[in-house]
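J.: Sharing final19.pdb (PDB, C-alpha atoms) below.
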```pdb
ATOM      1  CA  MET A 199     -52.089  75.667 -32.864
ATOM      2  CA  HIS A 200     -52.533  74.234 -29.429
ATOM      3  CA  ARG A 201     -55.532  75.742 -27.685
ATOM      4  CA  PHE A 202     -56.071  75.300 -24.000
ATOM      5  CA  ALA A 203     -59.574  74.443 -22.963
ATOM      6  CA  ASN A 204     -59.151  76.213 -19.678
ATOM      7  CA  PRO A 205     -55.580  76.548 -18.486
ATOM      8  CA  THR A 206     -56.512  79.395 -16.129
ATOM      9  CA  ARG A 207     -58.834  77.177 -14.164
ATOM     10  CA  PHE A 208     -56.286  74.394 -14.116
ATOM     11  CA  LEU A 209     -53.557  76.767 -12.916
ATOM     12  CA  ARG A 210     -55.798  77.967 -10.092
ATOM     13  CA  ILE A 211     -56.376  74.384  -8.928
ATOM     14  CA  ALA A 212     -52.701  73.484  -9.296
ATOM     15  CA  ASN A 213     -51.553  76.500  -7.315
ATOM     16  CA  ALA A 214     -54.032  75.660  -4.565
ATOM     17  CA  ILE A 215     -52.722  72.099  -4.315
ATOM     18  CA  LEU A 216     -48.980  72.843  -4.529
ATOM     19  CA  PRO A 217     -48.341  74.187  -0.983
ATOM     20  CA  TRP A 218     -50.193  71.204   0.492
ATOM     21  CA  SER A 219     -48.356  68.628  -1.574
ATOM     22  CA  VAL A 220     -45.025  70.212  -0.583
ATOM     23  CA  ALA A 221     -46.036  70.169   3.102
ATOM     24  CA  VAL A 222     -47.117  66.515   2.938
ATOM     25  CA  MET A 223     -43.904  65.642   1.121
ATOM     26  CA  VAL A 224     -41.611  67.310   3.688
ATOM     27  CA  LEU A 225     -43.481  65.985   6.739
ATOM     28  CA  SER A 226     -43.810  62.391   5.585
ATOM     29  CA  LEU A 227     -40.213  62.406   4.359
ATOM     30  CA  ALA A 228     -39.074  63.458   7.852
ATOM     31  CA  VAL A 229     -41.175  60.744   9.498
ATOM     32  CA  GLY A 230     -40.038  58.155   6.953
ATOM     33  CA  LEU A 231     -36.340  58.942   7.337
ATOM     34  CA  VAL A 232     -36.365  59.012  11.153
ATOM     35  CA  HIS A 233     -38.304  55.752  11.359
ATOM     36  CA  GLY A 234     -36.519  54.111   8.457
ATOM     37  CA  LEU A 235     -32.968  54.923   9.505
ATOM     38  CA  VAL A 236     -33.213  55.107  13.306
ATOM     39  CA  LEU A 237     -36.373  53.868  15.013
ATOM     40  CA  SER A 238     -37.189  50.724  13.026
ATOM     41  CA  PRO A 239     -35.362  47.521  13.986
ATOM     42  CA  PRO A 240     -32.931  45.589  11.777
ATOM     43  CA  ASP A 241     -34.346  42.522  10.063
ATOM     44  CA  TYR A 242     -33.620  39.144  11.684
ATOM     45  CA  GLN A 243     -32.253  37.769   8.406
ATOM     46  CA  GLN A 244     -31.190  40.783   6.360
ATOM     47  CA  GLY A 245     -29.834  42.901   9.218
ATOM     48  CA  GLU A 246     -29.470  46.600   8.523
ATOM     49  CA  THR A 247     -29.790  46.181   4.745
ATOM     50  CA  VAL A 248     -33.548  45.983   5.266
ATOM     51  CA  ARG A 249     -33.427  49.794   5.524
ATOM     52  CA  ILE A 250     -32.872  49.856   1.768
ATOM     53  CA  MET A 251     -36.459  48.614   1.527
ATOM     54  CA  TYR A 252     -37.777  52.022   2.668
ATOM     55  CA  VAL A 253     -36.547  53.662  -0.506
ATOM     56  CA  HIS A 254     -36.527  50.658  -2.862
ATOM     57  CA  VAL A 255     -40.117  49.513  -2.394
ATOM     58  CA  PRO A 256     -41.853  52.938  -2.440
ATOM     59  CA  ALA A 257     -39.791  53.947  -5.488
ATOM     60  CA  SER A 258     -40.833  50.747  -7.272
ATOM     61  CA  TRP A 259     -44.495  51.300  -6.377
ATOM     62  CA  MET A 260     -44.238  54.813  -7.755
ATOM     63  CA  ALA A 261     -42.517  53.625 -10.930
ATOM     64  CA  LEU A 262     -45.591  51.481 -11.680
ATOM     65  CA  PHE A 263     -48.089  54.063 -10.395
ATOM     66  CA  VAL A 264     -46.673  56.936 -12.445
ATOM     67  CA  TYR A 265     -46.657  54.826 -15.601
ATOM     68  CA  THR A 266     -50.299  53.907 -15.035
ATOM     69  CA  ALA A 267     -51.161  57.570 -14.455
ATOM     70  CA  MET A 268     -49.311  58.426 -17.654
ATOM     71  CA  ALA A 269     -51.232  55.771 -19.579
ATOM     72  CA  VAL A 270     -54.571  57.053 -18.229
ATOM     73  CA  ALA A 271     -53.647  60.641 -19.155
ATOM     74  CA  SER A 272     -52.575  59.462 -22.613
ATOM     75  CA  PHE A 273     -55.917  57.683 -23.053
ATOM     76  CA  VAL A 274     -57.827  60.822 -22.030
ATOM     77  CA  TYR A 275     -55.726  62.838 -24.457
ATOM     78  CA  LEU A 276     -56.221  60.439 -27.377
ATOM     79  CA  VAL A 277     -59.966  59.998 -26.868
ATOM     80  CA  TRP A 278     -61.128  63.457 -25.745
ATOM     81  CA  LYS A 279     -58.203  65.526 -27.066
ATOM     82  CA  HIS A 280     -57.881  67.131 -23.660
ATOM     83  CA  PRO A 281     -54.676  69.175 -23.923
ATOM     84  CA  VAL A 282     -53.919  69.299 -20.192
ATOM     85  CA  ALA A 283     -53.983  65.480 -20.163
ATOM     86  CA  ASP A 284     -51.169  65.500 -22.705
ATOM     87  CA  LEU A 285     -49.199  67.925 -20.538
ATOM     88  CA  ALA A 286     -49.825  65.743 -17.467
ATOM     89  CA  ALA A 287     -48.468  62.695 -19.286
ATOM     90  CA  ARG A 288     -45.451  64.625 -20.542
ATOM     91  CA  ALA A 289     -44.752  66.012 -17.061
ATOM     92  CA  SER A 290     -45.086  62.545 -15.495
ATOM     93  CA  ALA A 291     -42.566  60.719 -17.670
ATOM     94  CA  PRO A 292     -39.329  62.097 -16.162
ATOM     95  CA  VAL A 293     -40.655  61.550 -12.630
ATOM     96  CA  GLY A 294     -41.519  57.943 -13.422
ATOM     97  CA  ALA A 295     -38.149  57.413 -15.057
ATOM     98  CA  ALA A 296     -36.436  58.818 -11.954
ATOM     99  CA  PHE A 297     -38.327  56.409  -9.682
ATOM    100  CA  THR A 298     -37.457  53.504 -11.996
ATOM    101  CA  VAL A 299     -33.758  54.425 -11.890
ATOM    102  CA  ILE A 300     -33.943  54.560  -8.078
ATOM    103  CA  SER A 301     -35.725  51.205  -7.978
ATOM    104  CA  LEU A 302     -33.106  49.542 -10.193
ATOM    105  CA  THR A 303     -30.105  51.134  -8.444
ATOM    106  CA  THR A 304     -31.216  50.502  -4.877
ATOM    107  CA  GLY A 305     -32.257  46.994  -5.955
ATOM    108  CA  ALA A 306     -28.698  46.341  -7.131
ATOM    109  CA  LEU A 307     -27.327  47.805  -3.889
ATOM    110  CA  TRP A 308     -29.616  45.469  -1.951
ATOM    111  CA  GLY A 309     -29.017  42.473  -4.220
ATOM    112  CA  LYS A 310     -25.244  42.508  -3.895
ATOM    113  CA  PRO A 311     -25.089  41.897  -0.117
ATOM    114  CA  MET A 312     -28.197  39.667   0.061
ATOM    115  CA  TRP A 313     -28.123  37.671  -3.185
ATOM    116  CA  GLY A 314     -24.428  38.016  -3.976
ATOM    117  CA  ALA A 315     -25.149  39.659  -7.324
ATOM    118  CA  TRP A 316     -25.762  43.243  -8.440
ATOM    119  CA  TRP A 317     -27.986  42.074 -11.252
ATOM    120  CA  VAL A 318     -29.708  38.897 -12.412
ATOM    121  CA  TRP A 319     -31.824  38.525 -15.539
ATOM    122  CA  ASP A 320     -34.894  37.316 -13.741
ATOM    123  CA  ALA A 321     -38.407  38.298 -14.732
ATOM    124  CA  ARG A 322     -38.896  41.071 -12.164
ATOM    125  CA  LEU A 323     -35.615  42.846 -12.832
ATOM    126  CA  THR A 324     -35.820  42.487 -16.596
ATOM    127  CA  SER A 325     -39.405  43.760 -16.831
ATOM    128  CA  MET A 326     -38.436  46.700 -14.608
ATOM    129  CA  LEU A 327     -35.565  47.533 -16.972
ATOM    130  CA  ILE A 328     -38.046  47.457 -19.867
ATOM    131  CA  LEU A 329     -40.187  49.931 -17.914
ATOM    132  CA  LEU A 330     -37.227  52.320 -17.817
ATOM    133  CA  PHE A 331     -36.841  51.999 -21.603
ATOM    134  CA  LEU A 332     -40.566  52.677 -22.039
ATOM    135  CA  TYR A 333     -40.236  55.902 -20.041
ATOM    136  CA  LEU A 334     -37.169  56.961 -22.039
ATOM    137  CA  GLY A 335     -38.863  55.998 -25.308
ATOM    138  CA  TYR A 336     -41.930  58.037 -24.362
ATOM    139  CA  MET A 337     -39.822  61.127 -23.658
ATOM    140  CA  ALA A 338     -37.804  60.729 -26.860
ATOM    141  CA  LEU A 339     -40.925  60.214 -28.980
ATOM    142  CA  ALA A 340     -42.830  63.118 -27.392
ATOM    143  CA  GLY A 341     -40.021  65.468 -28.317
ATOM    144  CA  ALA A 342     -39.113  63.987 -31.681
ATOM    145  CA  PHE A 343     -41.499  65.885 -33.979
ATOM    146  CA  ASP A 344     -41.521  69.482 -35.153
ATOM    147  CA  ASP A 345     -45.288  69.210 -34.992
ATOM    148  CA  ARG A 346     -45.859  68.901 -31.258
ATOM    149  CA  GLN A 347     -49.257  67.233 -31.595
ATOM    150  CA  ARG A 348     -47.828  64.401 -33.655
ATOM    151  CA  GLY A 349     -45.279  63.813 -30.920
ATOM    152  CA  SER A 350     -48.030  63.819 -28.312
ATOM    153  CA  LYS A 351     -50.112  61.298 -30.238
ATOM    154  CA  ALA A 352     -47.233  58.936 -30.986
ATOM    155  CA  ALA A 353     -45.994  59.073 -27.394
ATOM    156  CA  ALA A 354     -49.523  58.562 -26.027
ATOM    157  CA  LEU A 355     -49.889  55.428 -28.171
ATOM    158  CA  LEU A 356     -46.571  54.120 -26.871
ATOM    159  CA  ALA A 357     -47.670  54.799 -23.286
ATOM    160  CA  LEU A 358     -50.903  52.857 -23.847
ATOM    161  CA  VAL A 359     -49.333  49.863 -25.585
ATOM    162  CA  GLY A 360     -46.488  49.799 -23.069
ATOM    163  CA  TRP A 361     -48.926  49.571 -20.174
ATOM    164  CA  VAL A 362     -49.114  45.812 -20.806
ATOM    165  CA  ASN A 363     -45.749  45.675 -19.040
ATOM    166  CA  ILE A 364     -47.239  46.871 -15.731
ATOM    167  CA  PRO A 365     -49.158  43.689 -14.815
ATOM    168  CA  ILE A 366     -46.177  41.684 -16.065
ATOM    169  CA  ILE A 367     -43.947  43.485 -13.558
ATOM    170  CA  LYS A 368     -46.514  43.182 -10.788
ATOM    171  CA  PHE A 369     -47.126  39.464 -11.194
ATOM    172  CA  SER A 370     -43.677  38.458 -12.442
ATOM    173  CA  VAL A 371     -42.758  37.212  -8.966
ATOM    174  CA  ASP A 372     -45.826  34.931  -8.945
ATOM    175  CA  TRP A 373     -45.797  33.750 -12.554
ATOM    176  CA  TRP A 374     -42.128  32.868 -12.772
ATOM    177  CA  ASN A 375     -39.468  31.510 -10.460
ATOM    178  CA  THR A 376     -37.649  34.693  -9.640
ATOM    179  CA  LEU A 377     -34.765  35.418  -7.342
ATOM    180  CA  HIS A 378     -36.719  38.513  -6.372
ATOM    181  CA  GLN A 379     -39.010  37.848  -3.437
ATOM    182  CA  PRO A 380     -42.795  38.090  -3.827
ATOM    183  CA  ALA A 381     -44.734  41.048  -2.445
ATOM    184  CA  SER A 382     -44.878  41.374   1.333
ATOM    185  CA  VAL A 383     -47.561  44.039   1.246
ATOM    186  CA  ASN A 384     -50.408  42.414  -0.585
ATOM    187  CA  PRO A 385     -53.745  43.472   0.905
ATOM    188  CA  VAL A 386     -55.854  41.614  -1.681
ATOM    189  CA  GLY A 387     -53.728  38.449  -1.940
ATOM    190  CA  ASP A 388     -53.489  35.393   0.306
ATOM    191  CA  SER A 389     -50.340  36.544   2.056
ATOM    192  CA  GLY A 390     -51.828  39.814   3.314
ATOM    193  CA  ILE A 391     -49.405  42.202   4.974
ATOM    194  CA  ALA A 392     -46.416  40.151   6.094
ATOM    195  CA  ILE A 393     -44.419  42.987   7.630
ATOM    196  CA  ASP A 394     -44.263  44.116  11.248
ATOM    197  CA  GLY A 395     -45.850  47.452  12.145
ATOM    198  CA  SER A 396     -42.484  48.967  13.121
ATOM    199  CA  MET A 397     -41.367  48.516   9.512
ATOM    200  CA  LEU A 398     -44.701  49.495   7.965
ATOM    201  CA  VAL A 399     -44.535  53.014   9.450
ATOM    202  CA  PRO A 400     -41.387  54.075   7.529
ATOM    203  CA  LEU A 401     -42.503  52.130   4.458
ATOM    204  CA  PHE A 402     -45.850  53.906   4.185
ATOM    205  CA  ALA A 403     -44.411  57.271   5.248
ATOM    206  CA  MET A 404     -41.847  57.111   2.458
ATOM    207  CA  ALA A 405     -44.527  55.946   0.030
ATOM    208  CA  LEU A 406     -46.627  58.991   0.954
ATOM    209  CA  ALA A 407     -43.597  61.277   0.611
ATOM    210  CA  PHE A 408     -42.863  59.909  -2.870
ATOM    211  CA  LYS A 409     -46.484  60.267  -3.911
ATOM    212  CA  ALA A 410     -46.521  63.899  -2.752
ATOM    213  CA  TYR A 411     -43.226  64.401  -4.595
ATOM    214  CA  TYR A 412     -44.863  63.117  -7.765
ATOM    215  CA  VAL A 413     -47.880  65.403  -7.376
ATOM    216  CA  THR A 414     -45.611  68.393  -6.721
ATOM    217  CA  THR A 415     -43.207  67.846  -9.611
ATOM    218  CA  MET A 416     -46.006  66.936 -12.025
ATOM    219  CA  LEU A 417     -47.997  70.089 -11.226
ATOM    220  CA  MET A 418     -44.864  72.225 -11.570
ATOM    221  CA  GLY A 419     -44.128  70.468 -14.863
ATOM    222  CA  ILE A 420     -47.647  71.129 -16.211
ATOM    223  CA  ARG A 421     -47.408  74.776 -15.170
ATOM    224  CA  ARG A 422     -44.136  74.967 -17.022
ATOM    225  CA  GLU A 423     -45.601  73.367 -20.150
ATOM    226  CA  ILE A 424     -48.569  75.755 -20.117
ATOM    227  CA  ALA A 425     -46.242  78.764 -19.872
ATOM    228  CA  ALA A 426     -44.079  77.394 -22.691
ATOM    229  CA  ALA A 427     -47.129  76.737 -24.899
ATOM    230  CA  LYS A 428     -48.483  80.248 -24.289
ATOM    231  CA  ALA A 429     -45.078  81.689 -25.169
ATOM    232  CA  ARG A 430     -45.050  79.669 -28.413
ATOM    233  CA  THR A 431     -48.511  80.981 -29.319
ATOM    234  CA  LEU A 432     -47.430  84.566 -28.621
ATOM    235  CA  ARG A 433     -44.304  84.217 -30.761
ATOM    236  CA  LEU A 434     -46.377  82.753 -33.555
ATOM    237  CA  ALA A 435     -48.892  85.605 -33.331
ATOM    238  CA  GLU A 436     -46.011  88.047 -33.502
ATOM    239  CA  VAL A 437     -44.469  86.429 -36.545
ATOM    240  CA  GLN A 438     -47.818  86.424 -38.321
ATOM    241  CA  GLY A 439     -48.288  90.096 -37.346
TER     242      GLY A 439
ATOM    243  CA  MET B 808     -20.063  58.452  20.047
ATOM    244  CA  ASP B 809     -19.981  54.658  19.786
ATOM    245  CA  GLN B 810     -23.680  54.772  19.092
ATOM    246  CA  LEU B 811     -23.131  57.215  16.240
ATOM    247  CA  ILE B 812     -20.376  55.051  14.729
ATOM    248  CA  ALA B 813     -22.570  51.967  15.040
ATOM    249  CA  PHE B 814     -25.398  53.900  13.351
ATOM    250  CA  LEU B 815     -23.172  55.042  10.500
ATOM    251  CA  ASP B 816     -21.682  51.556  10.121
ATOM    252  CA  MET B 817     -25.157  50.015   9.514
ATOM    253  CA  GLY B 818     -24.037  46.617  10.766
ATOM    254  CA  GLY B 819     -21.229  46.516   8.240
ATOM    255  CA  TYR B 820     -23.490  47.373   5.299
ATOM    256  CA  ALA B 821     -22.817  51.126   5.398
ATOM    257  CA  GLY B 822     -21.781  51.280   1.725
ATOM    258  CA  PHE B 823     -24.978  49.652   0.512
ATOM    259  CA  VAL B 824     -27.474  51.363   2.812
ATOM    260  CA  TRP B 825     -26.056  54.904   2.576
ATOM    261  CA  SER B 826     -25.499  54.664  -1.183
ATOM    262  CA  SER B 827     -29.150  53.681  -1.601
ATOM    263  CA  TYR B 828     -30.317  56.757   0.300
ATOM    264  CA  GLY B 829     -27.696  58.878  -1.465
ATOM    265  CA  VAL B 830     -28.776  57.797  -4.950
ATOM    266  CA  THR B 831     -32.409  58.452  -4.051
ATOM    267  CA  ALA B 832     -31.594  61.927  -2.723
ATOM    268  CA  VAL B 833     -29.461  62.878  -5.729
ATOM    269  CA  VAL B 834     -31.950  61.632  -8.359
ATOM    270  CA  LEU B 835     -35.086  63.080  -6.737
ATOM    271  CA  GLY B 836     -33.349  66.287  -5.654
ATOM    272  CA  GLY B 837     -31.782  66.811  -9.075
ATOM    273  CA  LEU B 838     -35.074  66.300 -10.904
ATOM    274  CA  PHE B 839     -36.879  68.619  -8.495
ATOM    275  CA  VAL B 840     -34.340  71.405  -9.012
ATOM    276  CA  SER B 841     -34.368  70.962 -12.791
ATOM    277  CA  VAL B 842     -38.185  71.105 -12.987
ATOM    278  CA  TRP B 843     -38.219  74.133 -10.668
ATOM    279  CA  LEU B 844     -35.590  76.030 -12.687
ATOM    280  CA  GLY B 845     -37.323  75.174 -15.966
ATOM    281  CA  LEU B 846     -40.644  76.390 -14.599
ATOM    282  CA  ARG B 847     -39.105  79.689 -13.496
ATOM    283  CA  ARG B 848     -37.358  80.194 -16.834
ATOM    284  CA  ASP B 849     -40.456  79.478 -18.957
ATOM    285  CA  GLU B 850     -42.764  81.629 -16.824
ATOM    286  CA  ARG B 851     -40.281  84.527 -17.014
ATOM    287  CA  THR B 852     -39.998  84.178 -20.778
ATOM    288  CA  LEU B 853     -43.791  84.242 -21.036
ATOM    289  CA  ALA B 854     -44.055  87.340 -18.818
ATOM    290  CA  ARG B 855     -41.452  89.122 -20.933
ATOM    291  CA  LEU B 856     -43.215  88.209 -24.167
ATOM    292  CA  GLN B 857     -46.598  89.297 -22.812
ATOM    293  CA  ALA B 858     -45.155  92.619 -21.672
ATOM    294  CA  ALA B 859     -43.460  93.190 -25.023
ATOM    295  CA  LEU B 860     -46.487  92.260 -27.089
ATOM    296  CA  GLY B 861     -48.909  94.216 -24.885
ATOM    297  CA  GLY B 862     -46.686  97.267 -25.243
ATOM    298  CA  ARG B 863     -46.587  97.028 -29.041
ATOM    299  CA  ARG B 864     -50.327  96.550 -29.339
ATOM    300  CA  ARG B 865     -51.033  99.569 -27.162
ATOM    301  CA  GLY B 866     -48.522 101.598 -29.151
ATOM    302  CA  ARG B 867     -50.337 100.795 -32.377
ATOM    303  CA  ALA B 868     -53.715 101.647 -30.884
ATOM    304  CA  GLU B 869     -52.422 105.031 -29.706
ATOM    305  CA  GLN B 870     -51.099 105.808 -33.169
ATOM    306  CA  ALA B 871     -54.494 105.020 -34.651
ATOM    307  CA  GLU B 872     -56.235 107.297 -32.152
ATOM    308  CA  GLY B 873     -54.008 110.221 -33.037
ATOM    309  CA  ALA B 874     -51.055 109.542 -30.783
ATOM    310  CA  ASP B 875     -52.349 110.601 -27.396
ATOM    311  CA  PRO B 876     -49.162 110.952 -25.353
ATOM    312  CA  SER B 877     -50.853 110.461 -21.949
ATOM    313  CA  PRO B 878     -50.294 106.963 -20.564
ATOM    314  CA  ALA B 879     -53.142 104.492 -20.733
ATOM    315  CA  PRO B 880     -54.898 103.733 -17.410
ATOM    316  CA  HIS B 881     -53.496 100.187 -17.441
ATOM    317  CA  SER B 882     -50.021 101.333 -18.284
ATOM    318  CA  ALA B 883     -47.393  98.691 -18.679
ATOM    319  CA  SER B 884     -44.732 101.111 -17.522
ATOM    320  CA  ALA B 885     -44.464  99.300 -14.204
ATOM    321  CA  ARG B 886     -43.738  96.073 -16.025
ATOM    322  CA  PRO B 887     -40.405  95.273 -17.569
ATOM    323  CA  GLY B 888     -40.216  96.816 -21.001
ATOM    324  CA  PRO B 889     -39.731  95.045 -24.294
ATOM    325  CA  ALA B 890     -35.973  95.165 -23.872
ATOM    326  CA  GLY B 891     -34.261  91.969 -24.828
ATOM    327  CA  ILE B 892     -37.073  90.838 -27.096
ATOM    328  CA  THR B 893     -36.375  90.774 -30.789
ATOM    329  CA  PRO B 894     -39.652  89.905 -32.458
ATOM    330  CA  ARG B 895     -39.774  88.339 -35.897
ATOM    331  CA  THR B 896     -36.546  86.510 -35.316
ATOM    332  CA  ALA B 897     -38.102  84.184 -32.761
ATOM    333  CA  ASP B 898     -37.263  80.687 -33.866
ATOM    334  CA  ASN B 899     -39.844  78.429 -32.333
ATOM    335  CA  GLY B 900     -39.713  75.604 -34.802
ATOM    336  CA  GLU B 901     -43.484  75.572 -35.068
ATOM    337  CA  PRO B 902     -45.322  75.297 -38.339
ATOM    338  CA  ALA B 903     -47.542  78.278 -38.967
TER     339      ALA B 903
END
```
So, in terms of structure tokens, how does the structure I just supplied come out?
T.:
Amino acid sequence: MHRFANPTRFLRIANAILPWSVAVMVLSLAVGLVHGLVLSPPDYQQGETVRIMYVHVPASWMALFVYTAMAVASFVYLVWKHPVADLAARASAPVGAAFTVISLTTGALWGKPMWGAWWVWDARLTSMLILLFLYLGYMALAGAFDDRQRGSKAAALLALVGWVNIPIIKFSVDWWNTLHQPASVNPVGDSGIAIDGSMLVPLFAMALAFKAYYVTTMLMGIRREIAAAKARTLRLAEVQG
Amino acid sequence: MDQLIAFLDMGGYAGFVWSSYGVTAVVLGGLFVSVWLGLRRDERTLARLQAALGGRRRGRAEQAEGADPSPAPHSASARPGPAGITPRTADNGEPA
């Protein structure tokens, strides 16, 4: 049966972080929405549709970030058998899938007025769709076995192998001729940050809000998994007398 | 008023801009609520199980000691009782 190395200690840390992550989420969301919808100017080419960027881009960043976090947690679980790492990966998957859905949907809503098409099969969009299937596959696999640990191991392997898609998504706009534009916020690349400060404020505020949202939902998800695992152990102890 | 209409119109792209924010709100809000409700449900189930099991264990111990009727110092009487729990029928799908 699943034994927790130290869930009590983890729960103490999680409960200490939760109020702060909620506060950061609410505050940065307020700043991001006010700046994104009201204070920031329309784009000189894209007009008001540029406001879609303030949800589309942070959601896409998070879709990649959460998958990477999930892959790291899966690695920690596979190598050191750390049970909380497995729970962290399991709790991350739905959040990452949600961000991927938002990225794809808002991308279509931005593509229609600016490109004239809801969807094109270019490298960026296609690799992002594959990311969504990886998230869904992870969740299906993690829950597919009666023996929970087998599900965890199989899903962790999928998360690790699937990580190869992350650099493909990131560099798809440089490696191939895509309709999707290349990154405008690229601190390490040649282009640097090619966005005006008035648009960076809502962009980074929303990015911070989404990151705090991830931390909050993941910690709540791990807490939930720990409670469920303890309940399973108790039921098992009862059945065995 | 005109300003508000102009704001809501989003330069003619109202449908695209507001749907984007709407989809984001619905997806993130829905997931948040579902995780929150699941957390509450699982932690309540655990509390109920712990109360039920703690009660049974104490009951057995008292029997062994000669059935002292006085409540134990750490009585579980303040906690919800074992009502609603039917042990031995719990189907958890776990291999023993």
J.: Report, in Å to a single decimal, how far apart atom CA of Val362 of chain A and atom CA of Phe263 of chain A are.
T.: 13.3 Å
J.: Tell me as a list in words which residues belonging to chain B come within 6 Å of chain A, counting all atoms listed in the file.
T.: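 Listing them in order of chain and number gives Met817, Gly818, Phe823, Val824, Ser827, Thr831, Leu846, Asp849, Glu850, Leu853 and Arg895 of chain B.
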J.: Tell me which protein, DNA and RNA residues are within 9 Å of Val383 of chain A, counting all atoms listed in the file, leaving out same-chain ones fewer than 5 positions away, and put them as an mmCIF file with C-alpha atoms, in the coordinates of the input.
T.:
```
data_model
loop_
_atom_site.group_PDB
_atom_site.id
_atom_site.type_symbol
_atom_site.label_atom_id
_atom_site.label_comp_id
_atom_site.auth_asym_id
_atom_site.auth_seq_id
_atom_site.Cartn_x
_atom_site.Cartn_y
_atom_site.Cartn_z
ATOM 1 C CA SER A 389 -50.340 36.544 2.056
ATOM 2 C CA GLY A 390 -51.828 39.814 3.314
ATOM 3 C CA ILE A 391 -49.405 42.202 4.974
ATOM 4 C CA ALA A 392 -46.416 40.151 6.094
ATOM 5 C CA ILE A 393 -44.419 42.987 7.630
#
```
J.: Between A:Val282, A:Met337, A:Leu237, A:Ala287, which residue has the minimum interatomic distance to Phe814 of chain B, considering all atoms listed in the file?
T.: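 Among A:Val282, A:Met337, A:Leu237, A:Ala287, it is A:Leu237 that comes nearest to Phe814 of chain B.
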J.: Between A:Thr298, A:Ile366, A:Leu329, A:Leu334, which one has atoms that come closest to Leu835 of chain B, using all atoms listed in the file?
T.: A:Thr298
J.: Give as a ChimeraX atom specification the residues that the PyMOL selection byres ((chain A and resi 397) around 9) matches when applied to the coordinates above.
T.: /A:233-234,238-239,249,252,393-396,398-402
J.: Go ahead and write the residues just picked, C-alpha atoms, as a PDB file, in the frame of the given file.
T.:
```pdb
ATOM      1  CA  HIS A 233     -38.304  55.752  11.359  1.00  0.00           C
ATOM      2  CA  GLY A 234     -36.519  54.111   8.457  1.00  0.00           C
ATOM      3  CA  SER A 238     -37.189  50.724  13.026  1.00  0.00           C
ATOM      4  CA  PRO A 239     -35.362  47.521  13.986  1.00  0.00           C
ATOM      5  CA  ARG A 249     -33.427  49.794   5.524  1.00  0.00           C
ATOM      6  CA  TYR A 252     -37.777  52.022   2.668  1.00  0.00           C
ATOM      7  CA  ILE A 393     -44.419  42.987   7.630  1.00  0.00           C
ATOM      8  CA  ASP A 394     -44.263  44.116  11.248  1.00  0.00           C
ATOM      9  CA  GLY A 395     -45.850  47.452  12.145  1.00  0.00           C
ATOM     10  CA  SER A 396     -42.484  48.967  13.121  1.00  0.00           C
ATOM     11  CA  LEU A 398     -44.701  49.495   7.965  1.00  0.00           C
ATOM     12  CA  VAL A 399     -44.535  53.014   9.450  1.00  0.00           C
ATOM     13  CA  PRO A 400     -41.387  54.075   7.529  1.00  0.00           C
ATOM     14  CA  LEU A 401     -42.503  52.130   4.458  1.00  0.00           C
ATOM     15  CA  PHE A 402     -45.850  53.906   4.185  1.00  0.00           C
TER      16      PHE A 402
END
```
J.: Grab the atom CA of Met326 of chain A to atom CA of Arg348 of chain A distance for me, in Å with one decimal place.
T.: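 Those two atoms sit 27.6 Å apart.
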J.: List the residues selected by the PyMOL selection byres ((chain A and resi 267-281) around 9) in the file shown, writing them as JSON, numbers by chain.
T.: {"A": [200, 201, 202, 203, 262, 263, 264, 265, 266, 282, 283, 284, 285, 286, 287, 288, 289, 290, 291, 294, 350, 351, 353, 354, 355, 356, 357, 358, 359, 360, 361]}
J.: Quick one: everything within 10 Å of Asn375 of chain A, counting all atoms listed in the file, minus sequence neighbours fewer than 3 positions away in the same chain. Send it as a ChimeraX atom specification.
T.: /A:320-322,370-372,378-380
J.: May I ask for the distance between atom CA of Gly341 of chain A and atom CA of Leu209 of chain A, given in Å to one decimal place?
T.: 23.4 Å
